[in-house]
Each structure stands twice: as structure tokens, then as C-alpha cells.
There are 2 protein chains.
Amino acid sequence: MVNQKILLSHGGGGRLMHGLIKDLLLKKLNNPILSELADSALIDYKDKIAFTTDSFVVNPLSFSGGDIGKLAVCGTINDLVMSGARPEYLSLALILEEGLEIKALEKIVDSIALEAKRAGVYFVTGDLKVVERGAADKIFINTTGIGRVVKAKRLSVKNIKPDDSIIVTGEIGQHGLAVLVKRNELDMEFNIKSDCAALSDLIIPVLKQTDAIKFMRDPTRGGLATTLNEIAQSSNYGIIIDEKSIPISTKVRAACELLGIDPLYVANEGRALIVVGKSSAKKVLGLLGKHPLGKNARIIGKVVKTPRKSVIMNTVLGTQRIVDMSSAEPLPRIC
Amino acid sequence: MVNQKILLSHGGGGRLMHGLIKDLLLKKLNNPILSELADSALIDYKDKIAFTTDSFVVNPLSFSGGDIGKLAVCGTINDLVMSGARPEYLSLALILEEGLEIKALEKIVDSIALEAKRAGVYFVTGDLKVVERGAADKIFINTTGIGRVVKAKRLSVKNIKPDDSIIVTGEIGQHGLAVLVKRNELDMEFNIKSDCAALSDLIIPVLKQTDAIKFMRDPTRGGLATTLNEIAQSSNYGIIIDEKSIPISTKVRAACELLGIDPLYVANEGRALIVVGKSSAKKVLGLLGKHPLGKNARIIGKVVKTPRKSVIMNTVLGTQRIVDMSSAEPLPRIC
């Protein structure tokens with residue numbers, strides 16, 4: 001089967017589709033709920049659940065540090081984690097282009113299965129469509145997730161107050177650059193690895209051990225700058241960040257300078273922005289630092305009363321500049 | 001805004017995307033949970049929930065009786081209903097091709113909003129991606145749904161026993177043909193309307209009023225024949241159907257003959273196959289008949305001990321023939 005190509009019939013609901021589901025998807029992602037192949041997955045819940053969706057169209061399909069499959073698992077997991085939920089059940093919907101190599105698909109499904117296992121989540125329902133050659137670009141993946149909310153007190157921008165500290169959990173800019181350099185065949189020169197990772201093991205223990213976290217969001221498309229602007233706008237406060245405290249690797253800094261890209265606008269896929277009360281910031285940093293994904297966590301700024309809805313950066317040159325939300329698309333199809 | 005085109009920047013996470021979400025999607029689909037625009041929707045549940053996903057790639061985007069938006073709502077609703085759940089919350093993930101007319105998108109979102117309102121479901125989370133021209137075909141939609149399971153006793157193929165009756169809730173073949181004739185610009189000649197509809201109002205009351213329903217499935221891609229084969233294979237029994245009792249409109253029958261298509265393999269998007277104990281079949285038919293979507297419901301066959309895993313049809317000619325699962329794709333991108 002691995003040397004065959006995806007045909008339109010693989011999406012037709014008939015024998016070929018059943019074969020593909022049984023021999024490839026079920027084999028690699030099997031669990032008691034999925035194996036029923038019912039129209040819906042049935043899940044017992046007694047608590048508050050979180051529910052999120054994301055489609056992935058990244059180009060190219062693989063890059064240093066990950067591929068579209070890993071990304072599709074981590075992206076949805078991270079959205080649940082940002083809402084304070086432990087990810088539990090995921091759905092998987094694939095749109096495949098006629099002519100896609102089964103081998104390429106298999107590699108992606110392997111990557112999905114591996115990442116799901118690592119993160120302890122289960123795909124419990126799915127869908128498969130095939131479109132004719134030229135009507136899609138190889139493969140698009142939607143994952144939708146359900147998680148159980150960890151704490152009674154809800155994470156919300158409404159919890160944010162002036163003087164709160166803003167933490168970023170690691171070095172920024174890696175994912176977007178890893179995809180960009182691979183796309184332009186510069187990956188050998190730059191050797192930048194995507195930060196793509198599931199954040200559950202980093203964040204959930206911190207949520208459980210403290211009540212300090214007020215709000216979280218992962219700075220994906222649009223990067224740190226755009227996510228900070230979202231927080232400023234929806235909280236109705238301002239944010240001041242210190243350029244020198246933002247963790248950026250030497251490699252990413254050098255690549256951004258050469259390519260003329262501002263790392264603040266580059267997508268991350270394994271980082272979180274966390275807003276905490278000032279007095280709890282160091283404790284939270286300490287807890288984050290216990291996990292490999294949090295060892296470069298830093299306090300990068302704070303919430304201020306004015307200027308409302310704006311993000312200001314104290315630069316390394318001693319000046320201040322407004323950090324605007326991105327308006328143009330610097331890097332299309334980054335996730 | 002309605003005369004602009006979708007740009008790559010609309011998927012970039014920045015200002016243009018925020019504008020599109022606020023001015024189009026939020027405006028038309030707003031509800032308290034969605035308006036939070038959190039990374040995940042938070043939903044209070046105390047009961048057993050159902051969770052299902054479906055991507056929609058239908059071509060053309062609109063057809064007599066519906067469009068991709070209506071289809072995306074009904075398709076996911078129906079999968080929840082087939083599992084015995086009342087649909088409650090949906091997610092919406094759009095993949096848009098650069099250059100798509102905003103007006104066309106708006107029409108689709110209108111259709112989504114209208115159908116969601118009709119069916120009493122809420123979109124509580126979403127995602128938007130844009131790919132470059134030529135990397136997708138106008139718009140692909142994923143909807144993932146959560147529903148509350150109506151009864152303690154679970155619907156399952158395991159409930160099926162020999163002598164059970166098989167009911168189809170209405171005339172078959174309409175959706176697939178409506179799409180096909182539109183695609184080939186024969187819609188004026190044939191004038192066939194898709195059966196695309198949400199089945200919650202038809203089915204949920206029947207579920208509540210009786211314990212007779214053992215199993216349900218909607219005969220979408222691959223049509224009635226494929227779904228019957230799925231039931232036969234997973235129940236480990238056989239199925240015998242009577243050709244003359246299968247409800248097919250004169251229009252569909254004529255079109256199928258002219259186009260050389262077997263209506264048993266044509267996709268439906270507003271029909272259900274229901275397996276009930278023989279003694280309850282008439283009662284269930286009566287209940288279904290109270291709703292406009294069920295007025296053509298018929299008992300079309302029964303479950304038999306042998307031949308196992310096969311579907312046999314008693315034809316109008318007095319012969320018997322094996323009704324196989326579809327193996328080739330008769331009608332690509334039908335949903």
C-alpha cells in the first residue's frame with residue numbers, strides 16, 4: 001500500500017476509503033472510542049470542558065523540528081492548554097489532494113500518532129476527503145479538541161490588572177523561521193529548529209500548583225507582537241515590554257537580520273505568553289523552569305494603565321517604540 | 001467590504017484577519033461563548049456528550065436546495081443525531097483560497113448562520129486559514145460538533161438482531177444528483193433539489209418517545225448501498241431490501257436512468273437509515289411521518305441471519321441481486 005497514490009476514490013466513502021481508514025488511520029491511531037467508527041465519539045464528562053478547532057495548511061509539509069502532523073496535534077493541544085484545560089480527546093479531518101503519495105501520508109500519520117501518544121491525547125473521531133489534483137496542496141489537516149478544565153477559577157483577560165507581569169515561556173521566532181528557511185531551501189545554512197511542542201506538560205502542573213496564572217495565550221500566527229496587542233486590546237490596558245529581556249536565540253537573531261524579518265512577528269508553536277500578578281511572577285518562573293520547555297522562560301514586561309490598548313517596547317537603544325499588530329502577512333502558510 | 005477579495009493577509013493573524021472575523025464571522029454567528037474569542041470554547045457539561053468532525057469540499061459551492069455552508073452545518077448535526085445526541089455546539093474552521101470574493105464568503109456564512117439558527121446549535125469556536133491562489137479550490141469548511149446524548153441506552157450496531165426492520169426516512173439520491181447536475185450545468189433540465197437538511201427535529205422527538213431505535217446512520221457518501229453494507233459488516237448479519245419499497249422520486253429515477261447512475265450509490269444529506277425491532281417498526285414510521293422530513297419514510301428491508309455481511313436486493317423483476325459496497329468514486333466532491 002505504501003507505494004500507491006491517493007486517488008479520488010479514497011475519498012468516496014466506498015471500499016478504498018474503508019481500506020485506507022482501516023489499514024492506515026485505525027492502525028496507527030487506534031483506541032476503544034475511535035475503533036467504533038461511529039458517526040460521533042461518545043465521551044463521558046462530568047466537568048467543564050474546553051473545545052477548540054484549528055486547520056493546518058503549512059507549506060512545506062515538513063521542516064526542521066516537525067511536520068504538519070506534529071503541528072496539528074500540538075496546535076490544538078496548546079489552544080486547550082491556554083484555556084486552562086488538560087487536552088483529552090481530538091478529532092482529525094484530512095483533506096487530501098489526489099496524487100499524494102501514501103508514503104507521505106503515512107509519515108504524517110506516524111507523526112500525529114507519536115505526538116498524541118507523547119501528550120496523552122486520543123483522536124476519537126475523524127473524516128477524510130480527497131479533492132482532485134490542483135484543488136488542494138497535498139494535505140490540509142483539521143484537528144478539533146476537547147479538554148477538561150483544570151481549575152474552578154477561569155482564566156480570562158478580565159483578570160488582568162495594571163502591574164501584572166508578562167512571561168514568555170521560551171525563545172521566540174523559531175517555528176516561523178524554520179518553515180521559511182525550509183521553504184526557500186536555506187535550512188542547511190540557517191539550521192533553525194521549530195519550537196513546535198505540546199505545552200500540556202509544561203503548563204498544567206503550574207496551573208495545579210498555583211493560582212497565580214490570570215491569562216495565557218500562545219503567540220502563533222502574527223507572533224509575540226500580535227498576541228500582546230490582542231491582550232492589550234481585550235484587557236483595555238497597555239503593555240510595556242523590554243527588548244533586552246525577550247529571549248531570542250543567536251541563530252534566530254542572525255537569521256532575522258539577514259532576511260530582514262522582525263522576530264516579534266514570527267509565529268511560535270511551542271511558546272506561551274502568561275500573565276501573572278507581579279508578586280507571583282518569580283514563583284511561576286521557577287515552576288516553569290523545572291520543565292525543559294520552560295528553562296528559557298523570562299519576564300518580558302508588564303501591564304500598565306496607559307496608554308490603553310497599546311504595546312510599547314523599551315528598546316536596547318534606550319528609546320521607546322510602539323509595537324503594532326501585524327497588518328500584512330509576513331509569512332503565509334506558516335501553520 | 002463585500003466587494004473586496006480574500007488576500008493572503010486575511011489568514012495572517014493580523015489586523016485584516018481580525019477585521020474579517022469581527023465584521024463578518026462574529027457579526028453573523030455571535031453568541032456569548034463565541035464572542036469571547038478565546039483559544040477554546042468553554043462549555044458546562046454534566047452528561048454524556050457526542051463529538052464529531054466533518055470537512056466539506058463540495059463543488060460547486062451552491063446547488064439547488066443548499067450550498068457548502070448549509071451542508072457543513074447539517075452534515076455535522078446529522079452525525080451527532082445519528083449517535084443519539086442533540087446537537088448543541090459546533091466549531092467552524094475555514095480554509096479560503098486567495099482571491100475568493102468576500103461576497104461569496106458572506107453568502108456562505110449567511111447560510112451557515114441561518115441553518116445553525118434553525119437547528120438551535122451554536123458555533124462556539126473557529127479558525128481561519130488562507131492559502132495562495134491555486135492551493136485550494138475557493139473554500140473548504142470543517143465543522144466539528146458536540147451534542148448531549150439523549151438516552152441512557154446507547155445506539156449501537158451491537159443492538160441489531162435478525163428480523164429487525166430497516167427504515168429510510170425519505171426519498172433517496174437527491175443530494176448527489178443535485179450537485180452533479182449543477183456541476184454539469186444540467187440543473188435547469190433536471191430540476192432536482194438536494195435533500196440537505198438537519199435531522200434533529202425529525203429524529204430527537206422519536207428517540208425521546210420510544211426505546212425502539214437500535215441504530216441509525218445517514219447514507220451520505222457512497223449512498224444507501226454503502227451504508228447498508230457498513231451495517232451488515234459491522235453487525236455481522238445480512239440485510240435484505242425490497243427494491244420496490246425504496247422511496248425514489250420520479251425525477252431522480254429519470255435522471256439516474258439518463259445519466260447511467262445507480263441511485264443506491266448516490267449521496268444523501270438529509271436522510272437516515274434506522275434499524276428498529278420488527279414489532280416497533282410501524283410505530284416509528286408513524287412518529288417519523290408527523291414531521292415533513294419523515295413523510296416519505298418507508299420500511300425498506302430487514303436484517304437476516306445469513307448471508308452474513310451481505311446486502312441482497314429483491315428486485316422489481318422478481319430476481320435477487322447482491323448490492324455491493326461502492327468501490328470506485330462515482331461522484332467526487334459531493335459534500
# chains A, B, ... in the order shown; residues from 1 in each chain; ligands from 1

$ residues_around --residues "B:Glu97" --least-positions-apart "6" --cutoff "9 Å" --atoms "only C-alpha atoms" --output "JSON, numbers by chain"
{"B": [6, 7, 8, 129, 130, 131, 132, 133, 134, 135, 136, 137, 138, 139, 140]}

$ residues_around --residues "stretch 206-210 of chain A" --least-positions-apart "4" --cutoff "8 Å" --atoms "only C-alpha atoms" --output "number ranges by chain"
A: 84, 150-151, 202, 284, 287-288

$ write_last_selection --atoms "N, CA and C atoms" --output "compact mmCIF listing (two decimals), in the first residue's frame"
# COMPACT_ATOMS: atom_id res chain seq x y z
N GLY A 84 -6.67 26.71 30.01
CA GLY A 84 -6.63 26.10 31.33
C GLY A 84 -7.18 24.69 31.38
N VAL A 150 -9.00 22.56 34.28
CA VAL A 150 -8.27 22.10 35.45
C VAL A 150 -8.74 22.77 36.74
N LYS A 151 -9.02 24.06 36.67
CA LYS A 151 -9.35 24.79 37.90
C LYS A 151 -10.72 25.43 37.82
N LEU A 202 4.25 21.24 30.41
CA LEU A 202 4.87 22.44 30.99
C LEU A 202 3.87 23.22 31.84
N VAL A 284 6.21 31.58 39.54
CA VAL A 284 5.78 30.93 38.30
C VAL A 284 6.98 30.64 37.40
N LEU A 287 8.66 27.57 38.67
CA LEU A 287 7.93 26.35 38.33
C LEU A 287 8.12 26.01 36.85
N LEU A 288 8.04 27.01 35.98
CA LEU A 288 8.23 26.77 34.54
C LEU A 288 9.63 26.23 34.26

$ select_by_dssp --residues "stretch 82-115 of chain A" --states "strand (DSSP E or B)" --output "list of chain:residue names"
A:Ala85, A:Arg86, A:Pro87, A:Glu88, A:Tyr89, A:Leu90, A:Ser91, A:Leu92, A:Ala93, A:Leu94, A:Ile95, A:Leu96, A:Glu97, A:Glu101

$ write_last_selection --atoms "N, CA, C and O atoms" --output "JSON list (two decimals), in the first residue's frame"
[["chain", "number", "residue", "atom", "x", "y", "z"],
["A", 85, "ALA", "N", -7.18, 24.02, 30.24],
["A", 85, "ALA", "CA", -7.75, 22.67, 30.17],
["A", 85, "ALA", "C", -6.67, 21.64, 29.87],
["A", 85, "ALA", "O", -5.74, 21.90, 29.11],
["A", 86, "ARG", "N", -6.84, 20.48, 30.45],
["A", 86, "ARG", "CA", -5.97, 19.35, 30.10],
["A", 86, "ARG", "C", -6.55, 18.69, 28.85],
["A", 86, "ARG", "O", -7.68, 18.19, 28.88],
["A", 87, "PRO", "N", -5.79, 18.69, 27.74],
["A", 87, "PRO", "CA", -6.31, 18.12, 26.48],
["A", 87, "PRO", "C", -6.59, 16.63, 26.64],
["A", 87, "PRO", "O", -5.79, 15.91, 27.24],
["A", 88, "GLU", "N", -7.72, 16.17, 26.12],
["A", 88, "GLU", "CA", -8.05, 14.75, 26.27],
["A", 88, "GLU", "C", -8.41, 14.08, 24.95],
["A", 88, "GLU", "O", -7.84, 13.08, 24.58],
["A", 89, "TYR", "N", -9.38, 14.64, 24.22],
["A", 89, "TYR", "CA", -9.86, 13.99, 23.00],
["A", 89, "TYR", "C", -9.75, 14.92, 21.80],
["A", 89, "TYR", "O", -10.10, 16.09, 21.88],
["A", 90, "LEU", "N", -9.27, 14.37, 20.69],
["A", 90, "LEU", "CA", -9.14, 15.17, 19.47],
["A", 90, "LEU", "C", -9.87, 14.51, 18.30],
["A", 90, "LEU", "O", -10.04, 13.29, 18.26],
["A", 91, "SER", "N", -10.30, 15.34, 17.36],
["A", 91, "SER", "CA", -10.81, 14.83, 16.09],
["A", 91, "SER", "C", -9.78, 15.15, 15.02],
["A", 91, "SER", "O", -8.99, 16.07, 15.17],
["A", 92, "LEU", "N", -9.82, 14.37, 13.96],
["A", 92, "LEU", "CA", -8.85, 14.54, 12.87],
["A", 92, "LEU", "C", -9.59, 14.53, 11.54],
["A", 92, "LEU", "O", -10.21, 13.53, 11.19],
["A", 93, "ALA", "N", -9.53, 15.63, 10.80],
["A", 93, "ALA", "CA", -10.17, 15.68, 9.49],
["A", 93, "ALA", "C", -9.11, 16.03, 8.44],
["A", 93, "ALA", "O", -8.44, 17.04, 8.55],
["A", 94, "LEU", "N", -8.99, 15.15, 7.46],
["A", 94, "LEU", "CA", -7.96, 15.31, 6.44],
["A", 94, "LEU", "C", -8.58, 15.68, 5.10],
["A", 94, "LEU", "O", -9.56, 15.06, 4.68],
["A", 95, "ILE", "N", -8.01, 16.66, 4.43],
["A", 95, "ILE", "CA", -8.35, 16.94, 3.04],
["A", 95, "ILE", "C", -7.09, 16.63, 2.23],
["A", 95, "ILE", "O", -6.04, 17.25, 2.45],
["A", 96, "LEU", "N", -7.20, 15.65, 1.36],
["A", 96, "LEU", "CA", -6.03, 15.17, 0.63],
["A", 96, "LEU", "C", -6.16, 15.49, -0.85],
["A", 96, "LEU", "O", -7.25, 15.41, -1.42],
["A", 97, "GLU", "N", -5.03, 15.81, -1.46],
["A", 97, "GLU", "CA", -5.01, 16.05, -2.90],
["A", 97, "GLU", "C", -4.78, 14.72, -3.62],
["A", 97, "GLU", "O", -3.88, 13.95, -3.22],
["A", 101, "GLU", "N", 1.35, 10.93, -2.31],
["A", 101, "GLU", "CA", 1.95, 9.62, -2.04],
["A", 101, "GLU", "C", 1.44, 9.08, -0.71],
["A", 101, "GLU", "O", 1.46, 9.79, 0.30]]

$ residues_around --residues "A:Ala225" --least-positions-apart "4" --cutoff "9 Å" --atoms "only C-alpha atoms" --output "JSON, numbers by chain"
{"A": [219, 229, 230, 263, 264, 265, 266, 311, 323, 324, 325, 326]}

$ closest_residue --among "B:Ser156, B:Ser35, B:Ser280, B:Ser235" --to "chain A" --atoms "only C-alpha atoms"
B:Ser156

$ atom_distance --atom1 "atom CA of B:Asp67" --atom2 "atom CA of A:Gly99"
27.0 Å

$ closest_residue --among "A:Leu16, A:Cys196, A:Ile68, A:Val303" --to "chain B" --atoms "only C-alpha atoms"
A:Leu16

$ atom_distance --atom1 "atom CA of B:Ile112" --atom2 "atom CA of B:Lys28"
8.9 Å

$ closest_residue --among "A:Ile102, A:Val157, A:Ile312, A:Ile21" --to "chain B" --atoms "only C-alpha atoms"
A:Val157

$ atom_distance --atom1 "atom CA of A:Asp211" --atom2 "atom CA of A:Arg271"
20.2 Å

$ residues_around --residues "stretch 237-252 of chain B" --least-positions-apart "2" --cutoff "9 Å" --atoms "only C-alpha atoms" --output "VMD selection string"
chain B and resid 160 to 162 166 168 to 174 177 190 to 192 228 to 229 231 to 235 254 to 257 263 296 to 316

$ residues_around --residues "B:Gly69" --least-positions-apart "5" --cutoff "9 Å" --atoms "only C-alpha atoms" --output "ChimeraX atom specification"
/B:56,61-62,74,107-113,115,141

$ write_last_selection --atoms "N, CA, C and O atoms" --output "PDB file, in the first residue's frame"
ATOM      1  N   PHE B  56     -15.888  19.789   4.476  1.00  0.00           N
ATOM      2  CA  PHE B  56     -16.747  19.914   3.304  1.00  0.00           C
ATOM      3  C   PHE B  56     -15.985  20.572   2.170  1.00  0.00           C
ATOM      4  O   PHE B  56     -15.398  21.641   2.349  1.00  0.00           O
ATOM      5  N   LEU B  61     -20.009  25.282  -5.164  1.00  0.00           N
ATOM      6  CA  LEU B  61     -20.282  25.716  -3.793  1.00  0.00           C
ATOM      7  C   LEU B  61     -21.774  25.802  -3.494  1.00  0.00           C
ATOM      8  O   LEU B  61     -22.184  25.678  -2.353  1.00  0.00           O
ATOM      9  N   SER B  62     -22.581  26.049  -4.527  1.00  0.00           N
ATOM     10  CA  SER B  62     -24.019  26.057  -4.286  1.00  0.00           C
ATOM     11  C   SER B  62     -24.733  25.216  -5.329  1.00  0.00           C
ATOM     12  O   SER B  62     -24.203  24.962  -6.416  1.00  0.00           O
ATOM     13  N   CYS B  74     -25.521  21.013   8.463  1.00  0.00           N
ATOM     14  CA  CYS B  74     -26.387  19.827   8.511  1.00  0.00           C
ATOM     15  C   CYS B  74     -25.582  18.537   8.639  1.00  0.00           C
ATOM     16  O   CYS B  74     -25.978  17.626   9.367  1.00  0.00           O
ATOM     17  N   LYS B 107     -22.126  35.129   1.671  1.00  0.00           N
ATOM     18  CA  LYS B 107     -23.319  34.340   1.364  1.00  0.00           C
ATOM     19  C   LYS B 107     -23.260  32.979   2.062  1.00  0.00           C
ATOM     20  O   LYS B 107     -24.261  32.488   2.605  1.00  0.00           O
ATOM     21  N   ILE B 108     -22.083  32.402   2.056  1.00  0.00           N
ATOM     22  CA  ILE B 108     -21.909  31.097   2.705  1.00  0.00           C
ATOM     23  C   ILE B 108     -22.078  31.225   4.221  1.00  0.00           C
ATOM     24  O   ILE B 108     -22.729  30.395   4.859  1.00  0.00           O
ATOM     25  N   VAL B 109     -21.503  32.286   4.787  1.00  0.00           N
ATOM     26  CA  VAL B 109     -21.629  32.481   6.238  1.00  0.00           C
ATOM     27  C   VAL B 109     -23.090  32.753   6.608  1.00  0.00           C
ATOM     28  O   VAL B 109     -23.591  32.265   7.623  1.00  0.00           O
ATOM     29  N   ASP B 110     -23.795  33.491   5.755  1.00  0.00           N
ATOM     30  CA  ASP B 110     -25.234  33.695   5.964  1.00  0.00           C
ATOM     31  C   ASP B 110     -25.962  32.353   6.042  1.00  0.00           C
ATOM     32  O   ASP B 110     -26.822  32.135   6.893  1.00  0.00           O
ATOM     33  N   SER B 111     -25.623  31.524   5.121  1.00  0.00           N
ATOM     34  CA  SER B 111     -26.253  30.219   5.039  1.00  0.00           C
ATOM     35  C   SER B 111     -25.942  29.371   6.280  1.00  0.00           C
ATOM     36  O   SER B 111     -26.822  28.692   6.833  1.00  0.00           O
ATOM     37  N   ILE B 112     -24.698  29.461   6.737  1.00  0.00           N
ATOM     38  CA  ILE B 112     -24.292  28.757   7.962  1.00  0.00           C
ATOM     39  C   ILE B 112     -25.097  29.279   9.155  1.00  0.00           C
ATOM     40  O   ILE B 112     -25.639  28.503   9.953  1.00  0.00           O
ATOM     41  N   ALA B 113     -25.177  30.609   9.247  1.00  0.00           N
ATOM     42  CA  ALA B 113     -25.866  31.224  10.389  1.00  0.00           C
ATOM     43  C   ALA B 113     -27.346  30.861  10.390  1.00  0.00           C
ATOM     44  O   ALA B 113     -27.928  30.539  11.434  1.00  0.00           O
ATOM     45  N   GLU B 115     -28.846  28.239   9.025  1.00  0.00           N
ATOM     46  CA  GLU B 115     -29.076  26.830   9.329  1.00  0.00           C
ATOM     47  C   GLU B 115     -28.808  26.532  10.805  1.00  0.00           C
ATOM     48  O   GLU B 115     -29.523  25.737  11.427  1.00  0.00           O
ATOM     49  N   ILE B 141     -14.570  23.806   4.273  1.00  0.00           N
ATOM     50  CA  ILE B 141     -15.107  24.084   5.602  1.00  0.00           C
ATOM     51  C   ILE B 141     -15.036  22.839   6.473  1.00  0.00           C
ATOM     52  O   ILE B 141     -15.472  21.772   6.063  1.00  0.00           O
TER      53      ILE B 141
END

$ closest_residue --among "A:Ala119, A:Ala272, A:Val81, A:Leu285" --to "A:Gly147" --atoms "only C-alpha atoms"
A:Val81

$ closest_residue --among "A:Thr76, A:Asn31, A:Gln4, A:Thr125" --to "chain B" --atoms "only C-alpha atoms"
A:Thr125

$ decode --residues "stretch 237-284 of chain A" --atoms "C-alpha atoms" --output "mmCIF file, in the first residue's frame"
data_model
loop_
_atom_site.group_PDB
_atom_site.id
_atom_site.type_symbol
_atom_site.label_atom_id
_atom_site.label_comp_id
_atom_site.auth_asym_id
_atom_site.auth_seq_id
_atom_site.Cartn_x
_atom_site.Cartn_y
_atom_site.Cartn_z
ATOM 1 C CA TYR A 237 -4.859 48.212 29.416
ATOM 2 C CA GLY A 238 -1.454 48.856 27.887
ATOM 3 C CA ILE A 239 1.614 46.635 27.854
ATOM 4 C CA ILE A 240 5.260 47.687 28.146
ATOM 5 C CA ILE A 241 7.928 45.180 27.197
ATOM 6 C CA ASP A 242 11.707 45.311 27.496
ATOM 7 C CA GLU A 243 13.501 44.381 24.294
ATOM 8 C CA LYS A 244 16.568 43.073 26.125
ATOM 9 C CA SER A 245 14.557 40.646 28.228
ATOM 10 C CA ILE A 246 12.868 38.928 25.265
ATOM 11 C CA PRO A 247 14.531 35.538 24.805
ATOM 12 C CA ILE A 248 15.745 35.144 21.212
ATOM 13 C CA SER A 249 18.457 32.702 20.210
ATOM 14 C CA THR A 250 21.584 33.981 18.465
ATOM 15 C CA LYS A 251 20.683 31.884 15.417
ATOM 16 C CA VAL A 252 17.203 33.363 15.144
ATOM 17 C CA ARG A 253 18.530 36.878 15.680
ATOM 18 C CA ALA A 254 21.153 36.438 12.942
ATOM 19 C CA ALA A 255 18.675 34.896 10.504
ATOM 20 C CA CYS A 256 16.113 37.649 11.109
ATOM 21 C CA GLU A 257 18.720 40.322 10.455
ATOM 22 C CA LEU A 258 19.875 38.677 7.244
ATOM 23 C CA LEU A 259 16.343 38.068 5.990
ATOM 24 C CA GLY A 260 15.004 41.448 7.102
ATOM 25 C CA ILE A 261 12.328 39.980 9.388
ATOM 26 C CA ASP A 262 11.260 41.244 12.807
ATOM 27 C CA PRO A 263 11.286 38.247 15.204
ATOM 28 C CA LEU A 264 8.420 39.788 17.201
ATOM 29 C CA TYR A 265 6.098 38.982 14.285
ATOM 30 C CA VAL A 266 7.303 35.456 13.650
ATOM 31 C CA ALA A 267 4.983 32.556 14.581
ATOM 32 C CA ASN A 268 5.757 30.285 17.537
ATOM 33 C CA GLU A 269 4.190 26.858 18.046
ATOM 34 C CA GLY A 270 5.529 25.835 21.445
ATOM 35 C CA ARG A 271 5.565 29.041 23.460
ATOM 36 C CA ALA A 272 3.050 30.690 25.758
ATOM 37 C CA LEU A 273 2.530 34.208 26.995
ATOM 38 C CA ILE A 274 1.436 34.098 30.633
ATOM 39 C CA VAL A 275 0.024 36.994 32.635
ATOM 40 C CA VAL A 276 0.531 36.725 36.401
ATOM 41 C CA GLY A 277 0.291 39.029 39.395
ATOM 42 C CA LYS A 278 3.642 40.795 39.967
ATOM 43 C CA SER A 279 4.201 39.148 43.347
ATOM 44 C CA SER A 280 3.785 35.649 41.853
ATOM 45 C CA ALA A 281 5.947 36.140 38.765
ATOM 46 C CA LYS A 282 9.159 34.719 40.187
ATOM 47 C CA LYS A 283 7.397 31.703 41.669
ATOM 48 C CA VAL A 284 5.775 30.926 38.299
#
